[in-house]
$ cat model.cif   # mmCIF, N, CA and C atoms and all ligand atoms
data_coords
#
loop_
_atom_site.label_atom_id
_atom_site.label_comp_id
_atom_site.auth_asym_id
_atom_site.auth_seq_id
_atom_site.Cartn_x
_atom_site.Cartn_y
_atom_site.Cartn_z
N MET Y 1 -33.52 -96.16 163.30
CA MET Y 1 -34.50 -95.05 163.35
C MET Y 1 -34.03 -94.01 164.38
N MET Y 2 -34.01 -92.76 163.96
CA MET Y 2 -33.49 -91.70 164.83
C MET Y 2 -34.59 -91.24 165.79
N ASN Y 3 -34.32 -91.31 167.09
CA ASN Y 3 -35.29 -90.79 168.06
C ASN Y 3 -34.74 -89.52 168.72
N SER Y 4 -35.58 -88.90 169.56
CA SER Y 4 -35.20 -87.63 170.19
C SER Y 4 -33.94 -87.78 171.03
N LYS Y 5 -33.86 -88.90 171.75
CA LYS Y 5 -32.71 -89.10 172.66
C LYS Y 5 -31.41 -89.15 171.86
N THR Y 6 -31.42 -89.88 170.77
CA THR Y 6 -30.20 -90.00 169.95
C THR Y 6 -29.84 -88.65 169.33
N LEU Y 7 -30.86 -87.90 168.90
CA LEU Y 7 -30.60 -86.59 168.30
C LEU Y 7 -30.01 -85.63 169.34
N ILE Y 8 -30.51 -85.70 170.57
CA ILE Y 8 -29.96 -84.88 171.66
C ILE Y 8 -28.51 -85.27 171.93
N GLU Y 9 -28.22 -86.56 171.93
CA GLU Y 9 -26.84 -87.02 172.16
C GLU Y 9 -25.90 -86.46 171.09
N LYS Y 10 -26.37 -86.41 169.86
CA LYS Y 10 -25.53 -85.87 168.78
C LYS Y 10 -25.33 -84.37 168.95
N ALA Y 11 -26.36 -83.68 169.44
CA ALA Y 11 -26.22 -82.23 169.71
C ALA Y 11 -25.20 -82.00 170.83
N ILE Y 12 -25.23 -82.85 171.84
CA ILE Y 12 -24.27 -82.72 172.95
C ILE Y 12 -22.84 -82.95 172.45
N GLU Y 13 -22.66 -83.94 171.58
CA GLU Y 13 -21.34 -84.19 170.99
C GLU Y 13 -20.87 -82.98 170.19
N ALA Y 14 -21.79 -82.39 169.43
CA ALA Y 14 -21.44 -81.23 168.60
C ALA Y 14 -21.06 -80.03 169.46
N MET Y 15 -21.72 -79.89 170.60
CA MET Y 15 -21.45 -78.77 171.51
C MET Y 15 -19.99 -78.75 171.94
N ALA Y 16 -19.39 -79.92 172.04
CA ALA Y 16 -17.98 -80.01 172.46
C ALA Y 16 -17.05 -79.31 171.47
N LYS Y 17 -17.51 -79.13 170.22
CA LYS Y 17 -16.68 -78.49 169.19
C LYS Y 17 -16.87 -76.97 169.15
N SER Y 18 -17.77 -76.45 169.99
CA SER Y 18 -18.06 -75.01 170.02
C SER Y 18 -16.79 -74.17 170.08
N TYR Y 19 -16.75 -73.14 169.23
CA TYR Y 19 -15.67 -72.15 169.32
C TYR Y 19 -16.29 -70.88 169.91
N SER Y 20 -16.15 -70.72 171.22
CA SER Y 20 -16.84 -69.61 171.90
C SER Y 20 -15.97 -68.98 172.99
N PRO Y 21 -14.79 -68.49 172.61
CA PRO Y 21 -13.89 -67.92 173.62
C PRO Y 21 -14.37 -66.59 174.18
N TYR Y 22 -15.36 -65.96 173.54
CA TYR Y 22 -15.80 -64.62 173.99
C TYR Y 22 -16.95 -64.72 174.99
N SER Y 23 -17.87 -65.65 174.75
CA SER Y 23 -19.01 -65.80 175.68
C SER Y 23 -18.84 -67.00 176.61
N ASP Y 24 -18.00 -67.94 176.22
CA ASP Y 24 -17.91 -69.23 176.93
C ASP Y 24 -19.25 -69.96 176.98
N PHE Y 25 -20.16 -69.56 176.11
CA PHE Y 25 -21.47 -70.22 176.04
C PHE Y 25 -21.42 -71.19 174.85
N LYS Y 26 -21.45 -72.48 175.16
CA LYS Y 26 -21.33 -73.50 174.11
C LYS Y 26 -22.70 -73.99 173.70
N VAL Y 27 -22.89 -74.10 172.38
CA VAL Y 27 -24.17 -74.59 171.85
C VAL Y 27 -23.89 -75.68 170.82
N GLY Y 28 -24.73 -76.71 170.84
CA GLY Y 28 -24.65 -77.78 169.84
C GLY Y 28 -26.03 -78.04 169.26
N ALA Y 29 -26.06 -78.40 167.99
CA ALA Y 29 -27.33 -78.70 167.33
C ALA Y 29 -27.17 -79.93 166.45
N ALA Y 30 -28.26 -80.68 166.32
CA ALA Y 30 -28.27 -81.84 165.43
C ALA Y 30 -29.56 -81.79 164.61
N LEU Y 31 -29.40 -81.75 163.30
CA LEU Y 31 -30.51 -81.56 162.36
C LEU Y 31 -30.79 -82.87 161.62
N LEU Y 32 -32.03 -83.32 161.73
CA LEU Y 32 -32.44 -84.58 161.08
C LEU Y 32 -33.13 -84.28 159.74
N THR Y 33 -32.65 -84.90 158.67
CA THR Y 33 -33.28 -84.72 157.36
C THR Y 33 -34.40 -85.75 157.19
N LYS Y 34 -35.30 -85.46 156.22
CA LYS Y 34 -36.38 -86.42 155.96
C LYS Y 34 -35.83 -87.76 155.51
N SER Y 35 -34.64 -87.75 154.90
CA SER Y 35 -34.03 -89.00 154.43
C SER Y 35 -33.30 -89.74 155.55
N GLY Y 36 -33.26 -89.17 156.76
CA GLY Y 36 -32.68 -89.87 157.90
C GLY Y 36 -31.23 -89.52 158.21
N ARG Y 37 -30.67 -88.57 157.44
CA ARG Y 37 -29.30 -88.15 157.75
C ARG Y 37 -29.31 -87.12 158.88
N VAL Y 38 -28.18 -87.02 159.59
CA VAL Y 38 -28.06 -86.03 160.66
C VAL Y 38 -26.86 -85.13 160.36
N PHE Y 39 -27.10 -83.81 160.42
CA PHE Y 39 -26.03 -82.82 160.28
C PHE Y 39 -25.91 -82.08 161.60
N THR Y 40 -24.71 -82.02 162.13
CA THR Y 40 -24.51 -81.35 163.42
C THR Y 40 -23.87 -79.97 163.21
N GLY Y 41 -23.96 -79.14 164.24
CA GLY Y 41 -23.32 -77.83 164.18
C GLY Y 41 -23.03 -77.31 165.58
N CYS Y 42 -22.07 -76.40 165.64
CA CYS Y 42 -21.77 -75.72 166.91
C CYS Y 42 -21.73 -74.22 166.64
N ASN Y 43 -21.78 -73.43 167.70
CA ASN Y 43 -21.61 -71.98 167.51
C ASN Y 43 -20.14 -71.65 167.27
N ILE Y 44 -19.93 -70.67 166.41
CA ILE Y 44 -18.58 -70.26 166.01
C ILE Y 44 -18.49 -68.75 166.16
N GLU Y 45 -17.74 -68.32 167.18
CA GLU Y 45 -17.67 -66.89 167.48
C GLU Y 45 -16.52 -66.21 166.76
N ASN Y 46 -16.46 -64.88 166.92
CA ASN Y 46 -15.44 -64.10 166.23
C ASN Y 46 -15.07 -62.88 167.07
N ALA Y 47 -13.80 -62.50 167.02
CA ALA Y 47 -13.32 -61.34 167.78
C ALA Y 47 -14.09 -60.07 167.41
N SER Y 48 -14.63 -60.04 166.21
CA SER Y 48 -15.41 -58.90 165.75
C SER Y 48 -16.91 -59.08 166.05
N TYR Y 49 -17.22 -60.10 166.83
CA TYR Y 49 -18.56 -60.41 167.35
C TYR Y 49 -19.65 -60.69 166.31
N SER Y 50 -19.94 -59.73 165.42
CA SER Y 50 -21.11 -59.92 164.54
C SER Y 50 -20.98 -61.08 163.56
N PRO Y 51 -19.77 -61.50 163.16
CA PRO Y 51 -19.71 -62.68 162.29
C PRO Y 51 -20.09 -64.00 162.98
N THR Y 52 -20.33 -63.96 164.28
CA THR Y 52 -20.67 -65.18 165.03
C THR Y 52 -21.82 -65.93 164.37
N ASN Y 53 -21.65 -67.25 164.27
CA ASN Y 53 -22.70 -68.10 163.71
C ASN Y 53 -23.21 -69.06 164.78
N CYS Y 54 -24.53 -69.10 164.92
CA CYS Y 54 -25.13 -69.99 165.92
C CYS Y 54 -24.99 -71.45 165.49
N ALA Y 55 -25.08 -72.34 166.46
CA ALA Y 55 -25.00 -73.78 166.21
C ALA Y 55 -26.07 -74.25 165.22
N GLU Y 56 -27.27 -73.71 165.39
CA GLU Y 56 -28.38 -74.14 164.53
C GLU Y 56 -28.10 -73.80 163.07
N ARG Y 57 -27.64 -72.56 162.84
CA ARG Y 57 -27.36 -72.18 161.44
C ARG Y 57 -26.16 -72.92 160.88
N THR Y 58 -25.18 -73.21 161.71
CA THR Y 58 -24.05 -74.02 161.22
C THR Y 58 -24.57 -75.35 160.69
N ALA Y 59 -25.45 -76.00 161.46
CA ALA Y 59 -25.99 -77.31 161.03
C ALA Y 59 -26.82 -77.15 159.75
N PHE Y 60 -27.67 -76.13 159.70
CA PHE Y 60 -28.49 -75.92 158.49
C PHE Y 60 -27.62 -75.67 157.27
N PHE Y 61 -26.62 -74.82 157.41
CA PHE Y 61 -25.83 -74.45 156.23
C PHE Y 61 -24.96 -75.62 155.76
N LYS Y 62 -24.51 -76.44 156.70
CA LYS Y 62 -23.80 -77.67 156.30
C LYS Y 62 -24.73 -78.56 155.47
N ALA Y 63 -25.95 -78.74 155.95
CA ALA Y 63 -26.90 -79.64 155.27
C ALA Y 63 -27.31 -79.08 153.90
N ILE Y 64 -27.66 -77.80 153.86
CA ILE Y 64 -28.09 -77.18 152.60
C ILE Y 64 -26.96 -77.25 151.57
N SER Y 65 -25.75 -77.00 152.03
CA SER Y 65 -24.62 -76.99 151.09
C SER Y 65 -24.23 -78.39 150.63
N GLU Y 66 -24.77 -79.39 151.29
CA GLU Y 66 -24.58 -80.79 150.84
C GLU Y 66 -25.78 -81.28 150.03
N GLY Y 67 -26.70 -80.38 149.72
CA GLY Y 67 -27.81 -80.75 148.83
C GLY Y 67 -29.10 -81.12 149.52
N GLU Y 68 -29.12 -81.12 150.83
CA GLU Y 68 -30.36 -81.46 151.56
C GLU Y 68 -31.32 -80.28 151.53
N ARG Y 69 -32.61 -80.58 151.43
CA ARG Y 69 -33.61 -79.50 151.41
C ARG Y 69 -34.83 -79.80 152.29
N GLU Y 70 -34.91 -81.03 152.81
CA GLU Y 70 -36.11 -81.40 153.56
C GLU Y 70 -35.72 -81.90 154.95
N PHE Y 71 -36.36 -81.32 155.95
CA PHE Y 71 -35.95 -81.57 157.34
C PHE Y 71 -37.14 -81.91 158.22
N THR Y 72 -36.84 -82.73 159.23
CA THR Y 72 -37.87 -83.22 160.15
C THR Y 72 -37.79 -82.56 161.51
N ALA Y 73 -36.58 -82.50 162.08
CA ALA Y 73 -36.43 -82.04 163.46
C ALA Y 73 -35.01 -81.58 163.72
N MET Y 74 -34.86 -80.80 164.78
CA MET Y 74 -33.53 -80.38 165.23
C MET Y 74 -33.49 -80.41 166.75
N ALA Y 75 -32.41 -80.99 167.31
CA ALA Y 75 -32.15 -80.93 168.75
C ALA Y 75 -31.13 -79.83 169.01
N VAL Y 76 -31.34 -79.08 170.08
CA VAL Y 76 -30.43 -77.99 170.45
C VAL Y 76 -30.13 -78.08 171.95
N VAL Y 77 -28.85 -77.98 172.29
CA VAL Y 77 -28.46 -77.90 173.70
C VAL Y 77 -27.40 -76.82 173.84
N GLY Y 78 -27.32 -76.25 175.04
CA GLY Y 78 -26.29 -75.25 175.26
C GLY Y 78 -26.19 -74.86 176.71
N GLY Y 79 -25.08 -74.21 177.03
CA GLY Y 79 -24.91 -73.71 178.39
C GLY Y 79 -23.53 -73.11 178.57
N LYS Y 80 -23.42 -72.28 179.60
CA LYS Y 80 -22.15 -71.65 179.95
C LYS Y 80 -21.12 -72.75 180.24
N ASN Y 81 -19.97 -72.64 179.62
CA ASN Y 81 -18.90 -73.64 179.76
C ASN Y 81 -19.34 -75.06 179.42
N GLY Y 82 -20.40 -75.14 178.62
CA GLY Y 82 -20.86 -76.45 178.19
C GLY Y 82 -21.67 -77.21 179.23
N GLU Y 83 -22.06 -76.51 180.29
CA GLU Y 83 -22.89 -77.15 181.32
C GLU Y 83 -24.36 -76.93 181.00
N ILE Y 84 -25.03 -78.01 180.71
CA ILE Y 84 -26.43 -77.92 180.28
C ILE Y 84 -27.32 -77.89 181.52
N SER Y 85 -27.87 -76.71 181.83
CA SER Y 85 -28.70 -76.61 183.04
C SER Y 85 -30.02 -75.89 182.79
N SER Y 86 -30.21 -75.43 181.52
CA SER Y 86 -31.52 -74.88 181.17
C SER Y 86 -31.74 -75.10 179.67
N PHE Y 87 -32.96 -74.90 179.22
CA PHE Y 87 -33.27 -75.07 177.80
C PHE Y 87 -32.61 -73.95 177.00
N CYS Y 88 -32.03 -74.29 175.87
CA CYS Y 88 -31.38 -73.31 174.99
C CYS Y 88 -32.26 -73.17 173.75
N SER Y 89 -33.12 -72.19 173.78
CA SER Y 89 -34.11 -72.02 172.71
C SER Y 89 -33.51 -71.22 171.56
N PRO Y 90 -33.74 -71.61 170.32
CA PRO Y 90 -33.11 -70.95 169.17
C PRO Y 90 -33.42 -69.44 169.09
N CYS Y 91 -32.43 -68.67 168.70
CA CYS Y 91 -32.61 -67.22 168.55
C CYS Y 91 -33.50 -66.92 167.35
N GLY Y 92 -33.94 -65.67 167.26
CA GLY Y 92 -34.85 -65.26 166.20
C GLY Y 92 -34.30 -65.44 164.80
N VAL Y 93 -33.00 -65.16 164.64
CA VAL Y 93 -32.39 -65.31 163.32
C VAL Y 93 -32.43 -66.77 162.88
N CYS Y 94 -32.10 -67.68 163.81
CA CYS Y 94 -32.12 -69.11 163.48
C CYS Y 94 -33.54 -69.58 163.18
N ARG Y 95 -34.52 -69.05 163.90
CA ARG Y 95 -35.92 -69.42 163.61
C ARG Y 95 -36.30 -69.00 162.20
N GLN Y 96 -35.83 -67.84 161.77
CA GLN Y 96 -36.14 -67.38 160.41
C GLN Y 96 -35.48 -68.28 159.37
N VAL Y 97 -34.27 -68.75 159.65
CA VAL Y 97 -33.59 -69.69 158.74
C VAL Y 97 -34.37 -71.00 158.69
N MET Y 98 -34.84 -71.47 159.83
CA MET Y 98 -35.67 -72.68 159.85
C MET Y 98 -36.91 -72.48 158.98
N ALA Y 99 -37.53 -71.29 159.09
CA ALA Y 99 -38.77 -71.01 158.34
C ALA Y 99 -38.53 -71.02 156.83
N GLU Y 100 -37.29 -70.74 156.42
CA GLU Y 100 -36.96 -70.73 154.99
C GLU Y 100 -37.01 -72.15 154.41
N PHE Y 101 -36.64 -73.13 155.22
CA PHE Y 101 -36.46 -74.49 154.70
C PHE Y 101 -37.41 -75.53 155.26
N CYS Y 102 -38.16 -75.18 156.30
CA CYS Y 102 -38.94 -76.20 157.01
C CYS Y 102 -40.43 -75.88 157.00
N ASP Y 103 -41.22 -76.94 157.09
CA ASP Y 103 -42.67 -76.79 157.26
C ASP Y 103 -42.96 -76.35 158.69
N LYS Y 104 -44.20 -75.93 158.91
CA LYS Y 104 -44.52 -75.45 160.25
C LYS Y 104 -44.56 -76.57 161.29
N ASP Y 105 -44.62 -77.82 160.84
CA ASP Y 105 -44.59 -78.93 161.81
C ASP Y 105 -43.17 -79.45 162.10
N PHE Y 106 -42.17 -78.77 161.55
CA PHE Y 106 -40.76 -79.07 161.92
C PHE Y 106 -40.64 -78.96 163.45
N MET Y 107 -39.97 -79.97 164.06
CA MET Y 107 -39.93 -80.02 165.52
C MET Y 107 -38.57 -79.58 166.06
N ILE Y 108 -38.60 -78.75 167.08
CA ILE Y 108 -37.39 -78.31 167.78
C ILE Y 108 -37.39 -79.01 169.14
N ILE Y 109 -36.33 -79.77 169.39
CA ILE Y 109 -36.22 -80.60 170.60
C ILE Y 109 -35.16 -79.99 171.51
N LEU Y 110 -35.57 -79.66 172.73
CA LEU Y 110 -34.67 -79.02 173.68
C LEU Y 110 -34.46 -79.92 174.90
N PHE Y 111 -33.29 -79.78 175.51
CA PHE Y 111 -32.92 -80.63 176.66
C PHE Y 111 -32.22 -79.75 177.68
N ASP Y 112 -32.67 -79.80 178.94
CA ASP Y 112 -32.07 -78.94 179.99
C ASP Y 112 -31.12 -79.71 180.91
N GLY Y 113 -30.75 -80.91 180.50
CA GLY Y 113 -29.88 -81.73 181.33
C GLY Y 113 -30.66 -82.81 182.06
N LYS Y 114 -31.98 -82.55 182.19
CA LYS Y 114 -32.86 -83.53 182.83
C LYS Y 114 -34.08 -83.81 181.97
N LEU Y 115 -34.76 -82.74 181.60
CA LEU Y 115 -36.01 -82.88 180.87
C LEU Y 115 -35.84 -82.55 179.39
N THR Y 116 -36.69 -83.18 178.59
CA THR Y 116 -36.74 -82.89 177.16
C THR Y 116 -38.07 -82.22 176.86
N LYS Y 117 -38.04 -81.19 176.02
CA LYS Y 117 -39.31 -80.65 175.53
C LYS Y 117 -39.21 -80.40 174.04
N ALA Y 118 -40.32 -80.53 173.38
CA ALA Y 118 -40.34 -80.37 171.92
C ALA Y 118 -41.48 -79.45 171.54
N CYS Y 119 -41.23 -78.59 170.55
CA CYS Y 119 -42.34 -77.80 170.04
C CYS Y 119 -42.12 -77.54 168.56
N SER Y 120 -43.20 -77.15 167.90
CA SER Y 120 -43.16 -76.97 166.45
C SER Y 120 -42.58 -75.60 166.09
N LEU Y 121 -42.10 -75.50 164.87
CA LEU Y 121 -41.63 -74.22 164.36
C LEU Y 121 -42.77 -73.20 164.34
N GLU Y 122 -43.96 -73.67 164.01
CA GLU Y 122 -45.13 -72.78 164.01
C GLU Y 122 -45.31 -72.09 165.36
N LYS Y 123 -45.04 -72.84 166.42
CA LYS Y 123 -45.19 -72.27 167.77
C LYS Y 123 -44.05 -71.29 168.08
N LEU Y 124 -42.82 -71.61 167.61
CA LEU Y 124 -41.67 -70.75 167.91
C LEU Y 124 -41.64 -69.49 167.05
N LEU Y 125 -42.24 -69.57 165.87
CA LEU Y 125 -42.21 -68.41 164.97
C LEU Y 125 -43.58 -68.26 164.27
N PRO Y 126 -44.57 -67.80 165.01
CA PRO Y 126 -45.91 -67.67 164.43
C PRO Y 126 -45.98 -66.51 163.42
N GLU Y 127 -46.84 -66.65 162.45
CA GLU Y 127 -47.09 -65.60 161.45
C GLU Y 127 -45.79 -65.10 160.83
N SER Y 128 -44.91 -66.05 160.45
CA SER Y 128 -43.59 -65.67 159.97
C SER Y 128 -43.64 -65.03 158.59
N PHE Y 129 -42.64 -64.26 158.32
CA PHE Y 129 -42.50 -63.56 157.03
C PHE Y 129 -42.16 -64.52 155.91
N SER Y 130 -42.82 -64.37 154.79
CA SER Y 130 -42.36 -65.02 153.56
C SER Y 130 -42.78 -64.13 152.40
N LEU Y 131 -42.14 -64.29 151.26
CA LEU Y 131 -42.43 -63.42 150.11
C LEU Y 131 -43.74 -63.85 149.44
N1 LIG T 1 -26.05 -69.11 170.27
C1 LIG T 1 -26.34 -70.22 169.52
O1 LIG T 1 -25.43 -70.88 169.00
N2 LIG T 1 -27.64 -70.55 169.32
C2 LIG T 1 -28.69 -69.90 169.88
O2 LIG T 1 -29.83 -70.24 169.62
C3 LIG T 1 -28.46 -68.77 170.79
C4 LIG T 1 -27.06 -68.28 170.87
C5 LIG T 1 -24.65 -68.76 170.52
C6 LIG T 1 -24.18 -67.49 169.88
C7 LIG T 1 -23.03 -67.10 170.76
O3 LIG T 1 -21.86 -67.77 170.31
C8 LIG T 1 -23.39 -67.66 172.13
O4 LIG T 1 -24.43 -68.58 171.90
C9 LIG T 1 -23.82 -66.62 173.11
O5 LIG T 1 -24.83 -65.82 172.59
#
$ encode --input "model.cif" --output "structure tokens"
Amino acid sequence: MMNSKTLIEKAIEAMAKSYSPYSDFKVGAALLTKSGRVFTGCNIENASYSPTNCAERTAFFKAISEGEREFTAMAVVGGKNGEISSFCSPCGVCRQVMAEFCDKDFMIILFDGKLTKACSLEKLLPESFSL
């Protein structure tokens, strides 16, 4: 059974794969599916900057492209040079991607190196856009 601690550990492992030579800010994410699978992701930067993909979206796009559509939770960690010293909260674009595929009770789990905090997608992206 996947718990928050294990999901955070997988996010930390994923962070080590970060390609971030421009910001030196490494991010890792671990996405838990309703079926119990975990897809990890890291941020992937680009010399042209705007093609940069966040860790969260890397994990989502890996999972979606493998046929997964239902998700329970995601752990996210990050920090300058991979040093986790504060909570790394998902950016607005990643929250919108979460809203495309997740219910409002989808949980985002953050870790600052000492403490863990969790909150729902509904709280991170209230009154979100949908067609
Ligand atoms: N980044 C993420 O991967 N996830 C976030 O939620 C915020 C920002 C990445 C993008 C970029 O490579 C670096 O962090 C600095 O912005």
$ atom_distance --input "model.cif" --atom1 "atom C of Thr58 in chain Y" --atom2 "atom C of Phe87 in chain Y"
18.2 Å
$ closest_atom_pairs --input "model.cif" --of "chain Y" --to "ligand LIG 1 (chain T)" --cutoff "5 Å" --atoms "all atoms listed in the file" --output "CSV"
residue,atom,partner,partner_atom,distance
Y:Phe25,C,T:LIG1,C8,4.9
Y:Val27,CA,T:LIG1,O1,4.8
Y:Asn43,CA,T:LIG1,O1,4.2
Y:Cys54,CA,T:LIG1,O1,3.2
Y:Ala55,N,T:LIG1,O1,3.0
Y:Glu56,N,T:LIG1,O1,4.9
Y:Ser89,C,T:LIG1,O2,4.3
Y:Pro90,CA,T:LIG1,O2,3.4
Y:Cys91,N,T:LIG1,O2,3.2
$ residues_around --input "model.cif" --residues "Ser128 in chain Y" --least-positions-apart "4" --cutoff "12 Å" --atoms "only C-alpha atoms" --output "PyMOL selection string"
chain Y and resi 92-93+95-100+102-104+121-124
$ write_last_selection --input "model.cif" --atoms "N, CA and C atoms" --output "compact mmCIF listing (two decimals), keeping the file's coordinate frame"
# COMPACT_ATOMS: atom_id res chain seq x y z
N GLY Y 92 -33.94 -65.67 167.26
CA GLY Y 92 -34.85 -65.26 166.20
C GLY Y 92 -34.30 -65.44 164.80
N VAL Y 93 -33.00 -65.16 164.64
CA VAL Y 93 -32.39 -65.31 163.32
C VAL Y 93 -32.43 -66.77 162.88
N ARG Y 95 -34.52 -69.05 163.90
CA ARG Y 95 -35.92 -69.42 163.61
C ARG Y 95 -36.30 -69.00 162.20
N GLN Y 96 -35.83 -67.84 161.77
CA GLN Y 96 -36.14 -67.38 160.41
C GLN Y 96 -35.48 -68.28 159.37
N VAL Y 97 -34.27 -68.75 159.65
CA VAL Y 97 -33.59 -69.69 158.74
C VAL Y 97 -34.37 -71.00 158.69
N MET Y 98 -34.84 -71.47 159.83
CA MET Y 98 -35.67 -72.68 159.85
C MET Y 98 -36.91 -72.48 158.98
N ALA Y 99 -37.53 -71.29 159.09
CA ALA Y 99 -38.77 -71.01 158.34
C ALA Y 99 -38.53 -71.02 156.83
N GLU Y 100 -37.29 -70.74 156.42
CA GLU Y 100 -36.96 -70.73 154.99
C GLU Y 100 -37.01 -72.15 154.41
N CYS Y 102 -38.16 -75.18 156.30
CA CYS Y 102 -38.94 -76.20 157.01
C CYS Y 102 -40.43 -75.88 157.00
N ASP Y 103 -41.22 -76.94 157.09
CA ASP Y 103 -42.67 -76.79 157.26
C ASP Y 103 -42.96 -76.35 158.69
N LYS Y 104 -44.20 -75.93 158.91
CA LYS Y 104 -44.52 -75.45 160.25
C LYS Y 104 -44.56 -76.57 161.29
N LEU Y 121 -42.10 -75.50 164.87
CA LEU Y 121 -41.63 -74.22 164.36
C LEU Y 121 -42.77 -73.20 164.34
N GLU Y 122 -43.96 -73.67 164.01
CA GLU Y 122 -45.13 -72.78 164.01
C GLU Y 122 -45.31 -72.09 165.36
N LYS Y 123 -45.04 -72.84 166.42
CA LYS Y 123 -45.19 -72.27 167.77
C LYS Y 123 -44.05 -71.29 168.08
N LEU Y 124 -42.82 -71.61 167.61
CA LEU Y 124 -41.67 -70.75 167.91
C LEU Y 124 -41.64 -69.49 167.05
$ atom_distance --input "model.cif" --atom1 "CA of Lys10 in chain Y" --atom2 "atom N of Asn81 in chain Y"
18.0 Å
$ residues_around --input "model.cif" --residues "Lys114 in chain Y" --least-positions-apart "5" --cutoff "8 Å" --atoms "only N, CA and C atoms" --output "PyMOL selection string"
chain Y and resi 84-86
$ write_last_selection --input "model.cif" --atoms "N, CA and C atoms" --output "mmCIF file, in the coordinates of the input"
data_model
loop_
_atom_site.group_PDB
_atom_site.id
_atom_site.type_symbol
_atom_site.label_atom_id
_atom_site.label_comp_id
_atom_site.auth_asym_id
_atom_site.auth_seq_id
_atom_site.Cartn_x
_atom_site.Cartn_y
_atom_site.Cartn_z
ATOM 1 N N ILE Y 84 -25.030 -78.010 180.710
ATOM 2 C CA ILE Y 84 -26.430 -77.920 180.280
ATOM 3 C C ILE Y 84 -27.320 -77.890 181.520
ATOM 4 N N SER Y 85 -27.870 -76.710 181.830
ATOM 5 C CA SER Y 85 -28.700 -76.610 183.040
ATOM 6 C C SER Y 85 -30.020 -75.890 182.790
ATOM 7 N N SER Y 86 -30.210 -75.430 181.520
ATOM 8 C CA SER Y 86 -31.520 -74.880 181.170
ATOM 9 C C SER Y 86 -31.740 -75.100 179.670
#
$ closest_residue --input "model.cif" --among "Y:Tyr49, Y:Tyr22, Y:Phe101, Y:Phe106" --to "Cys119 in chain Y" --atoms "only N, CA and C atoms"
Y:Phe106
$ residues_near_point --input "model.cif" --point "(-34.0, -82.5, 152.1)" --cutoff "8 Å" --atoms "only N, CA and C atoms" --output "VMD selection string"
chain Y and resid 32 to 35 63 to 64 67 to 72
$ residues_around --input "model.cif" --residues "Phe39 in chain Y" --least-positions-apart "2" --cutoff "5 Å" --atoms "all atoms listed in the file" --output "MDAnalysis selection string"
chainID Y and resid 30:31 37 41 59
$ decode --input "model.cif" --residues "range 105-123 of chain Y" --atoms "C-alpha atoms" --output "tab-separated table (two decimals), in the first residue's frame"
chain	number	residue	atom	x	y	z
Y	105	ASP	CA	-10.25	15.64	-3.78
Y	106	PHE	CA	-6.98	14.74	-5.56
Y	107	MET	CA	-4.26	15.28	-2.93
Y	108	ILE	CA	-1.01	17.19	-3.41
Y	109	ILE	CA	1.64	16.15	-0.87
Y	110	LEU	CA	4.52	18.53	-0.19
Y	111	PHE	CA	7.70	18.03	1.85
Y	112	ASP	CA	10.12	20.75	3.01
Y	113	GLY	CA	12.85	18.41	4.21
Y	114	LYS	CA	11.28	18.14	7.65
Y	115	LEU	CA	7.54	18.55	7.51
Y	116	THR	CA	4.91	17.10	5.21
Y	117	LYS	CA	1.74	18.92	4.26
Y	118	ALA	CA	-1.11	17.82	2.04
Y	119	CYS	CA	-3.95	19.70	0.46
Y	120	SER	CA	-6.65	19.06	-2.11
Y	121	LEU	CA	-6.66	20.22	-5.71
Y	122	GLU	CA	-9.88	22.10	-4.88
Y	123	LYS	CA	-7.91	24.18	-2.40
